[in-house]
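One structure below.
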Amino acid sequence: MKAIVDCNSFYCSCERVFRPDLAHQPVIVLSNNDGCIISRSDEAKQLNVPMAGPYFKAKPLIEKYGVHTFSSNYNLYGDMSWRVMETLRMMMGKENVEVYSVDEAFIDMNHIPAESLHDVGKKIKETIELWTGIQVSVGIAPTKVLSKVANRLAKKNKKTTECVLILDTPEKINAALQKTKVDDVWGVGYKYAYKLHQWQIDTAYQLKNMDIEWARKNLGGIMGVRLIKELCSEIAIEMEDERINKKIIATTRMFGEPVNNIKYIKEAIATYTSRAAEKLRRQKSVAKTIGIFIVKKEESHTARFKHGPSISASIHLPIATSITNELIKPAVQLVDKIFEKDTFYKKAGVILSDIVNDDAVQGNLFVSETTNKNRLLMNMIDNVNFSMRDDVLKFASSGTKRNWKMRQELRSKRYTTRWDELYEVK
DNA sequence: TCTGGGGTCCTAGGACCC
DNA sequence: TCTGGGGTCCTAGGACCC
């Protein structure tokens, strides 16, 4: 059996840990740039504040009901996430925990006897809540896809399930699948849901009973096959070893306002490159390819929001590197290649790929003195910036004023990573 | 003039996730 | 007026090779 442990309204819960006065109040958290709503407390859901909807559109509703609103504070969420995952690892054994996202982890439960599954699920929930202040839901079932179904129902029926639900018999599984729309199945997105409804397949139960070969043809090949198998309690998506290293590393941002000055675009690209290089060094890797993209500001207003066209360019570096200045130079040159005069841009990004381990780089007998100096410099910068969880030290090419920087007007304090923002007990 | 079949590698793009 | 950011995997198609 497999469990998925999923934090309830994670970002909102993090904010509430340090604002106990908001315990039963409607709370929402906004994306970067205060663009859309990315986390809602139950109370906010009940007020029909839309998920992933643009903030400005929901603003009247938010103001009317006095919904407490926060800009995203990733320093805080990252740190809280680490606490939750550490708790799980301590309780269930490191080797049984697969961190799946900032607020979710799969757990291999094969070593737990069937009759204890429920107690263990409950214990997990209670311990995390006690140690971190974060509420979680636990879904347990034979496969990952089914455990997600269980988790969703646990969360939806908090009163009856107390946030822990086990699907361990065919009867329970079928009943759960009948209550679940295909749209809500893990692995069915917007496009497939639309297709499925056209074929009159509306519930997860109906999907489960579809033919495997049909799925191969119509639901993205091997992905569709796995999905059906998992719904039929056959393991097709295994537990994964903790992924240590990312295969690509990206840093991308919207600008606070559209930008048509190439100088600012270059500053932004330099800044994102520094951040991406930092992530690269943290996992002790180097990259052989660097790409950038910029997105034009777009005029048309279709029913469904779409970004404007994105223009990209990339180059293979002669030698894989993680040294910031060696990456910034080509990145900024790429801007010259794709920037069009008199055009407004609203977003830019840097993508590092072809990532390999630091020690896999071919040793060069003639590594120059400067390379070594650069490494030491990088180390020093990383240490300072990491301890502050912010870029206190940066390269001049990143600009100092940063007119293009994103808006973040409603951010809470970085309670857990800054001394001067510690929580005060009066 | 006629012009095969099988393989690999790479890239772009689509689908999905949170 | 204002719509996030960071990932994964898979597939199709082109280039190239013998």
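Residue numbering restarts at 1 for every chain of the structure tokens, chains are lettered A, B, ... in their displayed order, and ligands are numbered from 1 as they appear.
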Pick out the residues sitting within 12 Å of region 353-359 of chain A, and hand them over as a short mmCIF file (atom, residue, chain, number, x, y, z; two decimals) with C-alpha atoms, in the first residue's frame; count only C-alpha atoms (C1' of nucleotides), and ignore anything fewer than 6 positions along from it in its own chain.
data_model
loop_
_atom_site.label_atom_id
_atom_site.label_comp_id
_atom_site.auth_asym_id
_atom_site.auth_seq_id
_atom_site.Cartn_x
_atom_site.Cartn_y
_atom_site.Cartn_z
CA ILE A 244 18.75 14.52 -5.80
CA ASN A 245 19.52 16.53 -8.86
CA LYS A 246 17.28 18.48 -11.16
CA LYS A 247 17.69 17.87 -14.88
CA ILE A 248 16.82 21.40 -15.77
CA ILE A 249 16.93 24.52 -13.65
CA ALA A 250 14.85 27.52 -14.53
CA THR A 251 14.38 30.97 -13.09
CA ALA A 276 19.78 29.74 -11.42
CA ALA A 277 23.55 29.33 -11.04
CA LYS A 279 20.56 26.51 -7.50
CA LEU A 280 23.00 24.69 -9.75
CA ARG A 281 25.84 24.99 -7.24
CA ARG A 282 23.62 23.98 -4.37
CA GLN A 283 23.12 20.60 -6.03
CA LYS A 284 26.82 20.45 -6.95
CA SER A 285 26.18 20.40 -10.68
CA VAL A 286 27.32 22.24 -13.75
CA ALA A 287 25.36 23.05 -16.92
CA LYS A 288 26.40 22.77 -20.53
CA THR A 289 23.49 24.62 -22.10
CA ILE A 290 21.96 27.96 -21.22
CA GLY A 291 18.79 29.30 -22.77
CA ILE A 292 16.79 32.45 -22.25
CA SER A 314 20.08 29.04 -26.36
CA ILE A 315 23.70 28.06 -26.71
CA HIS A 316 25.90 25.14 -25.78
CA LEU A 317 28.81 26.27 -23.67
CA ILE A 319 32.78 23.90 -20.97
CA ALA A 320 30.08 23.05 -18.47
CA THR A 321 30.13 25.51 -15.60
CA SER A 322 28.31 26.78 -12.54
CA ILE A 323 30.25 29.98 -12.14
CA ARG A 375 35.12 29.00 -7.16
#
What residues in chain B have any atom no more than 10 Å from chain A when counting only C-alpha atoms (C1' of nucleotides), and can you write them as an MDAnalysis selection string?
chainID B and resid 14:18
Among region 86-261 of chain A, which residues carry a DSSP assignment of alpha helix (DSSP H), reported as a ChimeraX atom specification?
/A:86-92,117-132,144-156,158-161,170-178,190-198,204-208,212-218,222-231
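Those residues that approach Gln135 (chain A) to within 10 Å, counting only C-alpha atoms (C1' of nucleotides), are Asp6, Cys7, Asn8, Ser9, Phe10, Ser13, Cys14, Val84, Lys125, Glu126, Thr127, Ile128, Glu129, Leu130 and Cys163 of chain A; same-chain residues fewer than 4 positions away are not listed.
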Report, in Å with one decimal, the straight-line distance from CA of Ile311 (chain A) to CA of Lys296 (chain A).
8.1 Å
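Between CA of Ile173 (chain A) and CA of Cys232 (chain A) the separation is 9.2 Å.
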For Ile140 (chain A), list every protein, DNA or RNA residue within 10 Å, evaluated using only C-alpha atoms (C1' of nucleotides), and leave out those in the same chain fewer than 2 positions away; present the list as a PDB file with all heavy atoms, in the first residue's frame.
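The resulting out39.pdb:
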ATOM      1  N   MET A   1       0.842  -1.202   0.000  1.00  0.00           N
ATOM      2  CA  MET A   1       0.000   0.000   0.000  1.00  0.00           C
ATOM      3  C   MET A   1       0.878   1.252   0.000  1.00  0.00           C
ATOM      4  O   MET A   1       2.005   1.245   0.475  1.00  0.00           O
ATOM      5  CB  MET A   1      -0.889   0.004   1.254  1.00  0.00           C
ATOM      6  CG  MET A   1      -1.855  -1.158   1.320  1.00  0.00           C
ATOM      7  SD  MET A   1      -3.222  -1.016   0.144  1.00  0.00           S
ATOM      8  CE  MET A   1      -4.431  -0.117   1.100  1.00  0.00           C
ATOM      9  N   LYS A   2       0.278   2.305  -0.537  1.00  0.00           N
ATOM     10  CA  LYS A   2       0.986   3.593  -0.604  1.00  0.00           C
ATOM     11  C   LYS A   2       0.132   4.679   0.028  1.00  0.00           C
ATOM     12  O   LYS A   2      -1.086   4.645  -0.073  1.00  0.00           O
ATOM     13  CB  LYS A   2       1.254   3.959  -2.063  1.00  0.00           C
ATOM     14  CG  LYS A   2       2.206   3.018  -2.772  1.00  0.00           C
ATOM     15  CD  LYS A   2       2.445   3.463  -4.183  1.00  0.00           C
ATOM     16  CE  LYS A   2       3.598   2.694  -4.797  1.00  0.00           C
ATOM     17  NZ  LYS A   2       3.359   1.238  -4.761  1.00  0.00           N
ATOM     18  N   ALA A   3       0.811   5.610   0.653  1.00  0.00           N
ATOM     19  CA  ALA A   3       0.082   6.743   1.227  1.00  0.00           C
ATOM     20  C   ALA A   3       0.543   8.018   0.555  1.00  0.00           C
ATOM     21  O   ALA A   3       1.690   8.115   0.115  1.00  0.00           O
ATOM     22  CB  ALA A   3       0.346   6.830   2.730  1.00  0.00           C
ATOM     23  N   ILE A   4      -0.359   8.977   0.465  1.00  0.00           N
ATOM     24  CA  ILE A   4       0.062  10.320   0.106  1.00  0.00           C
ATOM     25  C   ILE A   4      -0.355  11.245   1.235  1.00  0.00           C
ATOM     26  O   ILE A   4      -1.495  11.230   1.689  1.00  0.00           O
ATOM     27  CB  ILE A   4      -0.517  10.800  -1.243  1.00  0.00           C
ATOM     28  CG1 ILE A   4      -0.093  12.240  -1.543  1.00  0.00           C
ATOM     29  CG2 ILE A   4      -2.035  10.721  -1.295  1.00  0.00           C
ATOM     30  CD1 ILE A   4       0.962  12.346  -2.563  1.00  0.00           C
ATOM     31  N   VAL A   5       0.610  11.990   1.720  1.00  0.00           N
ATOM     32  CA  VAL A   5       0.363  12.963   2.783  1.00  0.00           C
ATOM     33  C   VAL A   5       0.418  14.341   2.136  1.00  0.00           C
ATOM     34  O   VAL A   5       1.395  14.686   1.482  1.00  0.00           O
ATOM     35  CB  VAL A   5       1.437  12.861   3.884  1.00  0.00           C
ATOM     36  CG1 VAL A   5       1.205  13.915   4.957  1.00  0.00           C
ATOM     37  CG2 VAL A   5       1.446  11.465   4.470  1.00  0.00           C
ATOM     38  N   PHE A 106       4.756  10.998  -0.978  1.00  0.00           N
ATOM     39  CA  PHE A 106       4.265   9.625  -1.014  1.00  0.00           C
ATOM     40  C   PHE A 106       5.034   8.818   0.027  1.00  0.00           C
ATOM     41  O   PHE A 106       6.211   9.074   0.272  1.00  0.00           O
ATOM     42  CB  PHE A 106       4.509   8.990  -2.386  1.00  0.00           C
ATOM     43  CG  PHE A 106       3.578   9.479  -3.459  1.00  0.00           C
ATOM     44  CD1 PHE A 106       4.019  10.369  -4.427  1.00  0.00           C
ATOM     45  CD2 PHE A 106       2.260   9.048  -3.498  1.00  0.00           C
ATOM     46  CE1 PHE A 106       3.165  10.821  -5.421  1.00  0.00           C
ATOM     47  CE2 PHE A 106       1.390   9.496  -4.496  1.00  0.00           C
ATOM     48  CZ  PHE A 106       1.844  10.383  -5.454  1.00  0.00           C
ATOM     49  N   ILE A 107       4.351   7.832   0.611  1.00  0.00           N
ATOM     50  CA  ILE A 107       5.028   6.984   1.582  1.00  0.00           C
ATOM     51  C   ILE A 107       4.764   5.531   1.250  1.00  0.00           C
ATOM     52  O   ILE A 107       3.614   5.134   1.019  1.00  0.00           O
ATOM     53  CB  ILE A 107       4.532   7.278   3.003  1.00  0.00           C
ATOM     54  CG1 ILE A 107       4.858   8.735   3.329  1.00  0.00           C
ATOM     55  CG2 ILE A 107       5.191   6.351   4.018  1.00  0.00           C
ATOM     56  CD1 ILE A 107       4.365   9.158   4.654  1.00  0.00           C
ATOM     57  N   ASP A 108       5.816   4.754   1.169  1.00  0.00           N
ATOM     58  CA  ASP A 108       5.687   3.320   0.976  1.00  0.00           C
ATOM     59  C   ASP A 108       5.250   2.693   2.300  1.00  0.00           C
ATOM     60  O   ASP A 108       5.959   2.790   3.294  1.00  0.00           O
ATOM     61  CB  ASP A 108       7.047   2.755   0.532  1.00  0.00           C
ATOM     62  CG  ASP A 108       6.899   1.334   0.036  1.00  0.00           C
ATOM     63  OD1 ASP A 108       6.039   0.602   0.570  1.00  0.00           O
ATOM     64  OD2 ASP A 108       7.644   0.956  -0.881  1.00  0.00           O
ATOM     65  N   MET A 109       4.065   2.062   2.291  1.00  0.00           N
ATOM     66  CA  MET A 109       3.496   1.531   3.534  1.00  0.00           C
ATOM     67  C   MET A 109       3.592   0.011   3.582  1.00  0.00           C
ATOM     68  O   MET A 109       2.925  -0.630   4.411  1.00  0.00           O
ATOM     69  CB  MET A 109       2.017   1.938   3.648  1.00  0.00           C
ATOM     70  CG  MET A 109       1.749   3.419   3.587  1.00  0.00           C
ATOM     71  SD  MET A 109       2.284   4.312   5.065  1.00  0.00           S
ATOM     72  CE  MET A 109       0.807   4.183   6.066  1.00  0.00           C
ATOM     73  N   LEU A 117      -2.867   0.178   9.423  1.00  0.00           N
ATOM     74  CA  LEU A 117      -2.752   1.294   8.480  1.00  0.00           C
ATOM     75  C   LEU A 117      -3.477   2.549   8.969  1.00  0.00           C
ATOM     76  O   LEU A 117      -2.939   3.657   8.897  1.00  0.00           O
ATOM     77  CB  LEU A 117      -3.306   0.889   7.106  1.00  0.00           C
ATOM     78  CG  LEU A 117      -2.377   0.007   6.276  1.00  0.00           C
ATOM     79  CD1 LEU A 117      -3.092  -0.491   5.021  1.00  0.00           C
ATOM     80  CD2 LEU A 117      -1.114   0.774   5.883  1.00  0.00           C
ATOM     81  N   HIS A 118      -4.669   2.342   9.472  1.00  0.00           N
ATOM     82  CA  HIS A 118      -5.440   3.513   9.860  1.00  0.00           C
ATOM     83  C   HIS A 118      -4.793   4.249  11.027  1.00  0.00           C
ATOM     84  O   HIS A 118      -4.697   5.481  11.032  1.00  0.00           O
ATOM     85  CB  HIS A 118      -6.887   3.136  10.199  1.00  0.00           C
ATOM     86  CG  HIS A 118      -7.774   4.331  10.322  1.00  0.00           C
ATOM     87  ND1 HIS A 118      -8.036   4.940  11.530  1.00  0.00           N
ATOM     88  CD2 HIS A 118      -8.419   5.066   9.389  1.00  0.00           C
ATOM     89  CE1 HIS A 118      -8.819   5.989  11.318  1.00  0.00           C
ATOM     90  NE2 HIS A 118      -9.074   6.084  10.043  1.00  0.00           N
ATOM     91  N   GLY A 121      -1.791   6.165   9.847  1.00  0.00           N
ATOM     92  CA  GLY A 121      -2.244   7.364   9.144  1.00  0.00           C
ATOM     93  C   GLY A 121      -2.626   8.472  10.119  1.00  0.00           C
ATOM     94  O   GLY A 121      -2.239   9.632   9.953  1.00  0.00           O
ATOM     95  N   VAL A 138      -4.354  12.460   4.793  1.00  0.00           N
ATOM     96  CA  VAL A 138      -3.639  11.240   4.427  1.00  0.00           C
ATOM     97  C   VAL A 138      -4.577  10.336   3.637  1.00  0.00           C
ATOM     98  O   VAL A 138      -5.680  10.028   4.091  1.00  0.00           O
ATOM     99  CB  VAL A 138      -3.159  10.496   5.686  1.00  0.00           C
ATOM    100  CG1 VAL A 138      -2.345   9.266   5.299  1.00  0.00           C
ATOM    101  CG2 VAL A 138      -2.335  11.406   6.584  1.00  0.00           C
ATOM    102  N   PRO A 142      -3.809   1.037  -2.784  1.00  0.00           N
ATOM    103  CA  PRO A 142      -2.795   0.166  -3.383  1.00  0.00           C
ATOM    104  C   PRO A 142      -1.855   0.864  -4.366  1.00  0.00           C
ATOM    105  O   PRO A 142      -0.734   0.407  -4.568  1.00  0.00           O
ATOM    106  CB  PRO A 142      -3.624  -0.896  -4.127  1.00  0.00           C
ATOM    107  CG  PRO A 142      -4.979  -0.852  -3.503  1.00  0.00           C
ATOM    108  CD  PRO A 142      -5.174   0.560  -3.056  1.00  0.00           C
ATOM    109  N   THR A 143      -2.308   1.934  -5.039  1.00  0.00           N
ATOM    110  CA  THR A 143      -1.444   2.591  -6.017  1.00  0.00           C
ATOM    111  C   THR A 143      -1.408   4.093  -5.752  1.00  0.00           C
ATOM    112  O   THR A 143      -2.226   4.627  -5.017  1.00  0.00           O
ATOM    113  CB  THR A 143      -1.955   2.384  -7.465  1.00  0.00           C
ATOM    114  OG1 THR A 143      -3.216   3.059  -7.598  1.00  0.00           O
ATOM    115  CG2 THR A 143      -2.131   0.917  -7.792  1.00  0.00           C
ATOM    116  N   LYS A 144      -0.453   4.748  -6.403  1.00  0.00           N
ATOM    117  CA  LYS A 144      -0.330   6.199  -6.221  1.00  0.00           C
ATOM    118  C   LYS A 144      -1.581   6.923  -6.681  1.00  0.00           C
ATOM    119  O   LYS A 144      -2.069   7.823  -5.995  1.00  0.00           O
ATOM    120  CB  LYS A 144       0.876   6.727  -7.006  1.00  0.00           C
ATOM    121  CG  LYS A 144       2.214   6.466  -6.336  1.00  0.00           C
ATOM    122  CD  LYS A 144       3.334   7.155  -7.104  1.00  0.00           C
ATOM    123  CE  LYS A 144       4.642   7.086  -6.334  1.00  0.00           C
ATOM    124  NZ  LYS A 144       5.754   7.707  -7.085  1.00  0.00           N
ATOM    125  N   LEU A 146      -4.639   5.842  -6.903  1.00  0.00           N
ATOM    126  CA  LEU A 146      -5.758   5.613  -5.988  1.00  0.00           C
ATOM    127  C   LEU A 146      -5.545   6.329  -4.646  1.00  0.00           C
ATOM    128  O   LEU A 146      -6.500   6.788  -4.025  1.00  0.00           O
ATOM    129  CB  LEU A 146      -5.972   4.119  -5.774  1.00  0.00           C
ATOM    130  CG  LEU A 146      -6.560   3.373  -6.985  1.00  0.00           C
ATOM    131  CD1 LEU A 146      -6.579   1.867  -6.747  1.00  0.00           C
ATOM    132  CD2 LEU A 146      -7.967   3.868  -7.314  1.00  0.00           C
ATOM    133  N   SER A 147      -4.300   6.428  -4.202  1.00  0.00           N
ATOM    134  CA  SER A 147      -4.076   7.126  -2.938  1.00  0.00           C
ATOM    135  C   SER A 147      -4.403   8.615  -3.093  1.00  0.00           C
ATOM    136  O   SER A 147      -4.889   9.251  -2.156  1.00  0.00           O
ATOM    137  CB  SER A 147      -2.642   6.924  -2.432  1.00  0.00           C
ATOM    138  OG  SER A 147      -1.726   7.642  -3.221  1.00  0.00           O
ATOM    139  N   LYS A 148      -4.179   9.151  -4.282  1.00  0.00           N
ATOM    140  CA  LYS A 148      -4.573  10.537  -4.531  1.00  0.00           C
ATOM    141  C   LYS A 148      -6.091  10.681  -4.480  1.00  0.00           C
ATOM    142  O   LYS A 148      -6.612  11.687  -3.989  1.00  0.00           O
ATOM    143  CB  LYS A 148      -4.062  11.006  -5.896  1.00  0.00           C
ATOM    144  CG  LYS A 148      -2.553  11.138  -5.999  1.00  0.00           C
ATOM    145  CD  LYS A 148      -2.030  12.361  -5.308  1.00  0.00           C
ATOM    146  CE  LYS A 148      -1.907  13.527  -6.246  1.00  0.00           C
ATOM    147  NZ  LYS A 148      -1.264  14.688  -5.565  1.00  0.00           N
ATOM    148  N   VAL A 149      -6.785   9.689  -5.022  1.00  0.00           N
ATOM    149  CA  VAL A 149      -8.255   9.708  -4.959  1.00  0.00           C
ATOM    150  C   VAL A 149      -8.687   9.704  -3.493  1.00  0.00           C
ATOM    151  O   VAL A 149      -9.540  10.491  -3.070  1.00  0.00           O
ATOM    152  CB  VAL A 149      -8.858   8.487  -5.698  1.00  0.00           C
ATOM    153  CG1 VAL A 149     -10.352   8.377  -5.431  1.00  0.00           C
ATOM    154  CG2 VAL A 149      -8.588   8.601  -7.197  1.00  0.00           C
ATOM    155  N   ALA A 150      -8.071   8.815  -2.708  1.00  0.00           N
ATOM    156  CA  ALA A 150      -8.411   8.710  -1.283  1.00  0.00           C
ATOM    157  C   ALA A 150      -8.140  10.037  -0.570  1.00  0.00           C
ATOM    158  O   ALA A 150      -8.958  10.516   0.212  1.00  0.00           O
ATOM    159  CB  ALA A 150      -7.595   7.593  -0.640  1.00  0.00           C
ATOM    160  N   ASN A 151      -7.003  10.615  -0.864  1.00  0.00           N
ATOM    161  CA  ASN A 151      -6.639  11.858  -0.198  1.00  0.00           C
ATOM    162  C   ASN A 151      -7.635  12.966  -0.499  1.00  0.00           C
ATOM    163  O   ASN A 151      -8.041  13.715   0.390  1.00  0.00           O
ATOM    164  CB  ASN A 151      -5.240  12.293  -0.665  1.00  0.00           C
ATOM    165  CG  ASN A 151      -4.708  13.443   0.147  1.00  0.00           C
ATOM    166  OD1 ASN A 151      -5.169  14.566   0.019  1.00  0.00           O
ATOM    167  ND2 ASN A 151      -3.749  13.149   1.014  1.00  0.00           N
ATOM    168  N   ALA A 154     -10.726  12.374   1.493  1.00  0.00           N
ATOM    169  CA  ALA A 154     -10.472  12.639   2.911  1.00  0.00           C
ATOM    170  C   ALA A 154     -10.591  14.130   3.185  1.00  0.00           C
ATOM    171  O   ALA A 154     -11.205  14.564   4.154  1.00  0.00           O
ATOM    172  CB  ALA A 154      -9.082  12.141   3.290  1.00  0.00           C
ATOM    173  N   VAL A 164      -8.255  11.302   7.230  1.00  0.00           N
ATOM    174  CA  VAL A 164      -7.510  10.073   6.928  1.00  0.00           C
ATOM    175  C   VAL A 164      -8.472   9.100   6.267  1.00  0.00           C
ATOM    176  O   VAL A 164      -9.505   8.776   6.836  1.00  0.00           O
ATOM    177  CB  VAL A 164      -6.942   9.431   8.215  1.00  0.00           C
ATOM    178  CG1 VAL A 164      -6.201   8.134   7.868  1.00  0.00           C
ATOM    179  CG2 VAL A 164      -6.006  10.388   8.940  1.00  0.00           C
ATOM    180  N   LEU A 165      -8.132   8.642   5.036  1.00  0.00           N
ATOM    181  CA  LEU A 165      -9.029   7.708   4.353  1.00  0.00           C
ATOM    182  C   LEU A 165      -8.233   6.579   3.706  1.00  0.00           C
ATOM    183  O   LEU A 165      -7.223   6.825   3.040  1.00  0.00           O
ATOM    184  CB  LEU A 165      -9.858   8.439   3.294  1.00  0.00           C
ATOM    185  CG  LEU A 165     -10.890   7.572   2.569  1.00  0.00           C
ATOM    186  CD1 LEU A 165     -11.977   7.077   3.514  1.00  0.00           C
ATOM    187  CD2 LEU A 165     -11.519   8.334   1.411  1.00  0.00           C
ATOM    188  N   ILE A 166      -8.705   5.348   3.942  1.00  0.00           N
ATOM    189  CA  ILE A 166      -8.032   4.181   3.371  1.00  0.00           C
ATOM    190  C   ILE A 166      -8.952   3.490   2.389  1.00  0.00           C
ATOM    191  O   ILE A 166     -10.120   3.237   2.695  1.00  0.00           O
ATOM    192  CB  ILE A 166      -7.663   3.190   4.492  1.00  0.00           C
ATOM    193  CG1 ILE A 166      -6.810   3.912   5.527  1.00  0.00           C
ATOM    194  CG2 ILE A 166      -6.908   2.002   3.923  1.00  0.00           C
ATOM    195  CD1 ILE A 166      -6.183   3.004   6.517  1.00  0.00           C
ATOM    196  N   LEU A 167      -8.440   3.192   1.202  1.00  0.00           N
ATOM    197  CA  LEU A 167      -9.200   2.409   0.228  1.00  0.00           C
ATOM    198  C   LEU A 167      -8.495   1.057   0.114  1.00  0.00           C
ATOM    199  O   LEU A 167      -7.498   0.929  -0.586  1.00  0.00           O
ATOM    200  CB  LEU A 167      -9.231   3.120  -1.125  1.00  0.00           C
ATOM    201  CG  LEU A 167      -9.855   4.518  -1.134  1.00  0.00           C
ATOM    202  CD1 LEU A 167      -9.748   5.158  -2.504  1.00  0.00           C
ATOM    203  CD2 LEU A 167     -11.307   4.473  -0.689  1.00  0.00           C
ATOM    204  N   ASP A 168      -9.012   0.068   0.841  1.00  0.00           N
ATOM    205  CA  ASP A 168      -8.292  -1.200   0.875  1.00  0.00           C
ATOM    206  C   ASP A 168      -9.131  -2.392   0.394  1.00  0.00           C
ATOM    207  O   ASP A 168      -8.661  -3.522   0.450  1.00  0.00           O
ATOM    208  CB  ASP A 168      -7.752  -1.472   2.286  1.00  0.00           C
ATOM    209  CG  ASP A 168      -8.832  -1.330   3.341  1.00  0.00           C
ATOM    210  OD1 ASP A 168      -9.976  -1.002   2.996  1.00  0.00           O
ATOM    211  OD2 ASP A 168      -8.514  -1.538   4.528  1.00  0.00           O
TER     212      ASP A 168
END
Considering only strand (DSSP E or B) as DSSP defines it on the backbone, what residues of region 17-133 of chain A qualify? List them as a list in words.
Val27, Ile28, Val29, Leu30, Cys36, Ile37, Ile38, Ser39, Arg40, Pro54, His68, Thr69, Phe70, Ser71, Val97, Glu98, Val99, Tyr100, Ser101, Glu104, Ala105, Phe106, Ile107 and Asp108 of chain A
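The residue set within 8 Å of Ser398 (chain A), counting only C-alpha atoms (C1' of nucleotides) and dropping same-chain residues fewer than 5 places from it, reads Lys266, Glu267, Ala268, Ile269, Ala270 and Thr271 of chain A.
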